[in-house]
Amino acid sequence: MSTFNLHGSESTPKLLGERPPLIRRNSIQGKFSYFKDKDGVKVTLSDAKTEFPEQMATVVALIKAEQLLNDSRVEQEVAWYYGNLGLSKNYFEIHSPEEISKHIISLYNSKVLSQTNKAPLNLSMTSTRKGNAFFFSHSMPGRSDSPCQAIERMIEEQFLGDRVALPRKQVPSNDINEEDELWRLHCFRTRGTVAPSSDIHLRFYMLTETKFKSKNVSENETDLSLISDIDWLATSSQTTQKWYSDIIKEAVNTNGPVIKVVDTASDDTKHLLIAYRSRSTRSFLTGVTNLYHTFGLYSSRKHVEHFSNGLTVMDIQLFAPKPESYLNAASIQKLVEEANLVYVLPMTSMSPMFTDGTLSIREYAYAYAAWKFVFQFLSRQSSEFTSLGSALKDNPDAYRILGTIKTFMKKEAITEGRVLDTLFQYPALLKELYKDFEFRHHKSGQEGLDEQTIMSRINRAVPSEFDRQIFQAFHTFNRHILKTNFFLPSKVALSFRLSPGFLSKTDYPITPFAIFFVVGTEFRGFHIRFRDVARGGIRIIRSANLQSYIQNVTSLFDENYNLANTQERKNKDIAEGGSKGTILLSLDGQDRALAAFKKYVDGLLDLLLPNSSMIDLYGKEELLFLGPDEGTANYMDWASTHARERKYKFWKAFTTGKSRSVGGIPHDLYGMTTRSIHQYVLGAMEKMGLDESKVTKFQTGGPDGDLGSNEIKISKDLTTAIVDGSGVLFDPKGINRSALGALAEARKMVRDFDKSKLSPEGFFVDVDGQDISLPDGTVIQSGLEYRNQFHLNPLSSSYFFVPCGGRPEAINLSNVHTAILADGSNKWKVVVEGANLFFSQEARLFLEKRGVIIFKDASANKGGVTSSSLEVLAALSLNDQEFEQHMSVKTSEPEFYASYIKEVHRIIEENSRLEFGCLWNEHKRSGTAISILSDSVSNKINELSLSLSSSELWNNDHLRKKVLTAAIPKNLLELVGIEALLERVPENYMRAIFGTYLASRYVYSCGLAANPEFSFFNFITTQMSK
């Protein structure tokens, strides 16, 4: 026999409109005649006295031996337990007589205690053994204080994979980790009551370990004979298997849940079936339970089955105890849609507002999303603080420090918990704000209160100024949403496209073009872009502890804004402006980065794809291009493929940094970022009359990394020190270039350097080492600390410093003095900042005042973004067949692909040389710090580009083709042709190429001080004559 029979052990009460009948004493003899076989259900339950007479006799004997009840009472209690209580046959199959006798005694004692004390029955029983677990309690459906709620939450955490931040193996998503097995759940509510005069039912939970025939199956496999639990496959009915097979076939093709309500043949019951990716949500069982209670429904059975392709199926058999709870077509649709909302959002500290009936699931979901959003923009700044900011706006250094103080003050003054306390106090306002939201974004939404009335109610109801600010922010949130997937029937996260007009000009002086906000079970995140056509990476933000998480929550939007703004400056000479996406993992979701990324991408696609059921107040087609960033480099292939599966027409260009097999151009393989960095090194050497082979250089970021390895391979200087994850490699005579090059080719750390190639003064300090003696006799106590601080050590002195790795602001105002040697000279003559934000702006300006030449990251580190932009252009220009033929590398590079890489190298080097020359000349002319000029050049190009891309110059056919022919890679033009490119590539993208190329060439050639009108006229005339 099976451990338990999923659909074969308990009968079903007359369902939907009729309360289940109580089993009376006179029905204890014989079978329960009113139960009928139904499709999908194997009804084998009979009077257990007849089915298990020997077991029953043993139970009677065991209880009598305890001498806790008189003999006649024993007979009655056991008879009731085996008959009238209406237990599942499987219960008696999997429990021993000893266990059953304990259960009966516990139930009897609870009834006696309840009767004696005239108190409600309170019963809870637990029994576990290897491979099985069993719980039962009295049932209080619809009650938030029901003991079954606590049992189900415990089951989720201990048996259904809902644990917090589990250390996971690096295994495929469809593999079930043996260290964290998922268990099958069979839960049923007794049809009978605990006594003839009682209306109390019991609920039983039986769990068994899954036993798969094979775990090594594809996540797309749907053959039940290959993916099912062995016992389930042997005992479930053909109809049940058909149900499960159908829903699994749908679920393997979607990232989210598939939810259905299924009738049995007699229409007595309805099954709520939900198939979803295992561990892709949290608290789902308890959330769905709370949901169907709001519909006035109870469950007679619940089953949770897992499949080795990584899917879980939840099957809940529902009945309506009252006629008014009958599920009609409209309420079924509503149940399905709202079950999807339960999947999307976790049980949180706000959940009690839903579980106690204060808010509906839709009101709760709205309030949760708005709560997370508005927290980012709440402020308790005084007018004096704002005045100070205005006074310092012309002093960038002081203004930046004031911004840091502001962030600290916000973290100290406002917490999400403080905001939540306010929301709990005013549920009526939340309901009104939800109505306003629904009216604006649901096609059948009922008209709510007008803006003036809502604001008046907020002002009258809420006495605290700060609390009013919270609800006013909710109202602002409603007014600036342009579209949302909130009311789509199927989704995996909530996503909102917002107009950025609500942002404070004081806090955010440059207004972005668009803001997306996405929130899901294990994350929240933003996507910000500064132009219509923009590109940037998606970053996963992790938190090591609670303190780190609180800091990350507080600064999430600001970090995203600053990253996107920096990207905007870096992207000055490519078609795409700057954008950035951030995904902040929840504190209990630190191990769920891939799941969060997938939901984030799906949420964005919901808003990019046309959908007639969604209200779109923006009304225009939008393009988003996503790239890799911290924690997402390995996810780009999936995002592109998924966009194709969802029929996004720009799927080929949706992500950059993809594998070559899907048309990507890997930056590290082809040294794209290093191409631009090294042009600045070469440019400075040429201007200063230096021989590269005789110039010393210090480098952070080793031969195992992208920038570090390619910088080693492309250069021929005397590198004196390299710092990487393994330690510090130092040789004042210059590290042996042949041995170093071999490490770069093999992508190995400096730990693997052949130490015999070091000079007598050279050394390697391992991060794991302690008490290490250097050639000069110095003893290093901690290799890790020495590595972390080496960039501040006098031994890092060299002519050039090229950081190719390291933490942001590793050199800042607090430690920049270490860049001055004991004799007063500078440690470095030239810095080319390959790693993003290695220096703070204050540190850069400090060093420049001392005569150090610094080229900041936004100028030097732009080869990668240029490569990605041209990857996007190829994807937009080629049809699917051409893309597969010319850009997909299977075994060897297609001829077009190889030549396209050379074109990308050429354009990167050309752009870098042009900007280097512009910065050098402007610095020489004006004396302005290059770190400031870099921003000035970027801003001028971006401003001019926006004007040119929308100007009438685009309509000049001759000029348009001249500019595009110069800007677009030659072999792409040869393959496709200019006319086909204009036809295939979206016009706003082609306009962006046109405007950016003209703007960058004008600024690079004419500089910042040129007379705008006269110089630009001459520039355009020159372009026309080429």
# chains A, B, ... in the order shown; residues from 1 in each chain; ligands from 1
call {"tool": "select_by_dssp", "arguments": {"residues": "segment 32-163 of chain A", "states": "strand (DSSP E)", "output": "ChimeraX atom specification"}}
result
/A:124-129,132-138
call {"tool": "write_last_selection", "arguments": {"atoms": "N, CA and C atoms", "output": "short mmCIF file (atom, residue, chain, number, x, y, z; two decimals), in the first residue's frame"}}
result
data_model
loop_
_atom_site.label_atom_id
_atom_site.label_comp_id
_atom_site.auth_asym_id
_atom_site.auth_seq_id
_atom_site.Cartn_x
_atom_site.Cartn_y
_atom_site.Cartn_z
N SER A 124 -4.19 19.32 20.13
CA SER A 124 -3.12 19.34 19.15
C SER A 124 -2.22 18.14 19.40
N MET A 125 -1.90 17.41 18.33
CA MET A 125 -1.13 16.18 18.47
C MET A 125 -0.08 16.12 17.37
N THR A 126 1.12 15.69 17.75
CA THR A 126 2.22 15.58 16.82
C THR A 126 2.86 14.22 16.95
N SER A 127 3.22 13.64 15.79
CA SER A 127 3.90 12.36 15.79
C SER A 127 4.82 12.30 14.59
N THR A 128 6.10 12.05 14.80
CA THR A 128 7.05 11.97 13.69
C THR A 128 7.91 10.72 13.81
N ARG A 129 8.24 10.18 12.67
CA ARG A 129 9.22 9.10 12.60
C ARG A 129 9.89 9.19 11.24
N ASN A 132 8.13 9.93 7.82
CA ASN A 132 6.72 10.28 8.01
C ASN A 132 6.58 11.32 9.11
N ALA A 133 5.58 12.16 8.98
CA ALA A 133 5.23 13.10 10.05
C ALA A 133 3.72 13.23 10.07
N PHE A 134 3.17 13.44 11.27
CA PHE A 134 1.72 13.45 11.43
C PHE A 134 1.33 14.50 12.47
N PHE A 135 0.31 15.30 12.12
CA PHE A 135 -0.18 16.32 13.03
C PHE A 135 -1.70 16.34 12.95
N PHE A 136 -2.37 16.56 14.07
CA PHE A 136 -3.80 16.83 13.97
C PHE A 136 -4.22 17.79 15.07
N SER A 137 -5.32 18.48 14.79
CA SER A 137 -5.83 19.47 15.73
C SER A 137 -7.30 19.68 15.43
N HIS A 138 -7.98 20.35 16.36
CA HIS A 138 -9.36 20.71 16.08
C HIS A 138 -9.39 21.80 15.02
#
call {"tool": "select_by_dssp", "arguments": {"residues": "segment 610-804 of chain A", "states": "helix (DSSP H, G or I)", "output": "PyMOL selection string"}}
result
chain A and resi 633-645+651-654+660-662+667-670+672-688+692-694+706-714+737-746+750-752+755-757+783-792+794-796
call {"tool": "closest_atom_pairs", "arguments": {"of": "segment 611-702 of chain A", "to": "segment 871-884 of chain A", "cutoff": "8 Å", "atoms": "only C-alpha atoms", "output": "tab-separated table"}}
result
residue	atom	partner	partner_atom	distance
A:Phe625	CA	A:Val872	CA	7.9
A:Phe650	CA	A:Leu876	CA	6.9
A:Lys652	CA	A:Ala875	CA	5.2
A:Ala653	CA	A:Val872	CA	4.8
A:Phe654	CA	A:Val872	CA	7.8
A:Thr655	CA	A:Val872	CA	7.9
A:Thr656	CA	A:Glu871	CA	6.7
A:Val662	CA	A:Glu884	CA	7.8
A:Gly663	CA	A:Phe883	CA	7.2
A:Gly664	CA	A:Glu871	CA	6.7
A:Ile665	CA	A:Glu871	CA	6.5
call {"tool": "write_last_selection", "arguments": {"atoms": "N, CA, C and O atoms", "output": "PDB file, in the first residue's frame"}}
result
ATOM      1  N   PHE A 625      16.879  47.842 -22.651  1.00  0.00           N
ATOM      2  CA  PHE A 625      18.019  46.986 -22.923  1.00  0.00           C
ATOM      3  C   PHE A 625      18.735  46.746 -21.595  1.00  0.00           C
ATOM      4  O   PHE A 625      19.197  47.692 -20.946  1.00  0.00           O
ATOM      5  N   PHE A 650      11.707  42.522 -29.649  1.00  0.00           N
ATOM      6  CA  PHE A 650      13.109  42.928 -29.589  1.00  0.00           C
ATOM      7  C   PHE A 650      13.924  41.995 -28.684  1.00  0.00           C
ATOM      8  O   PHE A 650      14.884  42.413 -28.046  1.00  0.00           O
ATOM      9  N   LYS A 652      16.107  39.717 -29.194  1.00  0.00           N
ATOM     10  CA  LYS A 652      17.528  39.537 -29.489  1.00  0.00           C
ATOM     11  C   LYS A 652      18.370  40.638 -28.847  1.00  0.00           C
ATOM     12  O   LYS A 652      19.520  40.430 -28.478  1.00  0.00           O
ATOM     13  N   ALA A 653      17.776  41.839 -28.725  1.00  0.00           N
ATOM     14  CA  ALA A 653      18.499  42.991 -28.183  1.00  0.00           C
ATOM     15  C   ALA A 653      18.155  43.255 -26.724  1.00  0.00           C
ATOM     16  O   ALA A 653      18.697  44.189 -26.127  1.00  0.00           O
ATOM     17  N   PHE A 654      17.270  42.448 -26.158  1.00  0.00           N
ATOM     18  CA  PHE A 654      16.781  42.717 -24.790  1.00  0.00           C
ATOM     19  C   PHE A 654      17.904  42.688 -23.768  1.00  0.00           C
ATOM     20  O   PHE A 654      17.918  43.476 -22.828  1.00  0.00           O
ATOM     21  N   THR A 655      18.871  41.773 -23.952  1.00  0.00           N
ATOM     22  CA  THR A 655      20.005  41.719 -23.025  1.00  0.00           C
ATOM     23  C   THR A 655      21.311  41.720 -23.804  1.00  0.00           C
ATOM     24  O   THR A 655      21.388  41.232 -24.929  1.00  0.00           O
ATOM     25  N   THR A 656      22.340  42.265 -23.166  1.00  0.00           N
ATOM     26  CA  THR A 656      23.698  42.195 -23.692  1.00  0.00           C
ATOM     27  C   THR A 656      24.538  41.395 -22.698  1.00  0.00           C
ATOM     28  O   THR A 656      24.087  41.067 -21.607  1.00  0.00           O
ATOM     29  N   VAL A 662      24.329  32.601 -28.383  1.00  0.00           N
ATOM     30  CA  VAL A 662      23.051  33.282 -28.601  1.00  0.00           C
ATOM     31  C   VAL A 662      23.269  34.715 -29.094  1.00  0.00           C
ATOM     32  O   VAL A 662      22.430  35.585 -28.906  1.00  0.00           O
ATOM     33  N   GLY A 663      24.435  34.934 -29.718  1.00  0.00           N
ATOM     34  CA  GLY A 663      24.678  36.223 -30.372  1.00  0.00           C
ATOM     35  C   GLY A 663      25.300  37.283 -29.510  1.00  0.00           C
ATOM     36  O   GLY A 663      25.333  38.454 -29.905  1.00  0.00           O
ATOM     37  N   GLY A 664      25.813  36.911 -28.348  1.00  0.00           N
ATOM     38  CA  GLY A 664      26.426  37.892 -27.466  1.00  0.00           C
ATOM     39  C   GLY A 664      27.880  38.166 -27.822  1.00  0.00           C
ATOM     40  O   GLY A 664      28.529  37.405 -28.539  1.00  0.00           O
ATOM     41  N   ILE A 665      28.395  39.285 -27.289  1.00  0.00           N
ATOM     42  CA  ILE A 665      29.805  39.642 -27.454  1.00  0.00           C
ATOM     43  C   ILE A 665      30.405  39.757 -26.055  1.00  0.00           C
ATOM     44  O   ILE A 665      30.273  40.807 -25.410  1.00  0.00           O
TER      45      ILE A 665
END
call {"tool": "residues_around", "arguments": {"residues": "Ile930 of chain A", "least_positions_apart": "5", "cutoff": "10 Å", "atoms": "only C-alpha atoms", "output": "PyMOL selection string"}}
result
chain A and resi 844-845+848+853-856+859+919-920+922-924+935-936
call {"tool": "write_last_selection", "arguments": {"atoms": "C-alpha atoms", "output": "PDB file, in the first residue's frame"}}
result
ATOM      1  CA  ARG A 844      40.305  62.782  -7.399  1.00  0.00           C
ATOM      2  CA  LEU A 845      40.169  66.565  -7.045  1.00  0.00           C
ATOM      3  CA  GLU A 848      44.640  66.705  -9.286  1.00  0.00           C
ATOM      4  CA  ILE A 853      46.729  63.392 -13.951  1.00  0.00           C
ATOM      5  CA  ILE A 854      43.513  61.412 -13.427  1.00  0.00           C
ATOM      6  CA  PHE A 855      41.178  60.056 -16.053  1.00  0.00           C
ATOM      7  CA  LYS A 856      38.023  58.993 -14.266  1.00  0.00           C
ATOM      8  CA  SER A 859      35.729  58.432 -19.547  1.00  0.00           C
ATOM      9  CA  LEU A 919      40.011  66.300 -22.224  1.00  0.00           C
ATOM     10  CA  TRP A 920      43.758  66.838 -22.570  1.00  0.00           C
ATOM     11  CA  GLU A 922      40.565  71.415 -22.478  1.00  0.00           C
ATOM     12  CA  HIS A 923      42.652  70.831 -19.347  1.00  0.00           C
ATOM     13  CA  LYS A 924      45.636  72.467 -20.961  1.00  0.00           C
ATOM     14  CA  ASP A 935      31.500  65.369 -16.474  1.00  0.00           C
ATOM     15  CA  SER A 936      31.265  68.619 -18.454  1.00  0.00           C
TER      16      SER A 936
END
call {"tool": "residues_around", "arguments": {"residues": "Leu964 of chain A", "least_positions_apart": "6", "cutoff": "8 Å", "atoms": "only C-alpha atoms", "output": "PyMOL selection string"}}
result
chain A and resi 978+993-994
call {"tool": "atom_distance", "arguments": {"atom1": "atom CA of Leu972 of chain A", "atom2": "atom CA of Leu914 of chain A"}}
result
22.9 Å
call {"tool": "residues_around", "arguments": {"residues": "Glu568 of chain A", "least_positions_apart": "3", "cutoff": "7 Å", "atoms": "only C-alpha atoms", "output": "count of residues only"}}
result
8
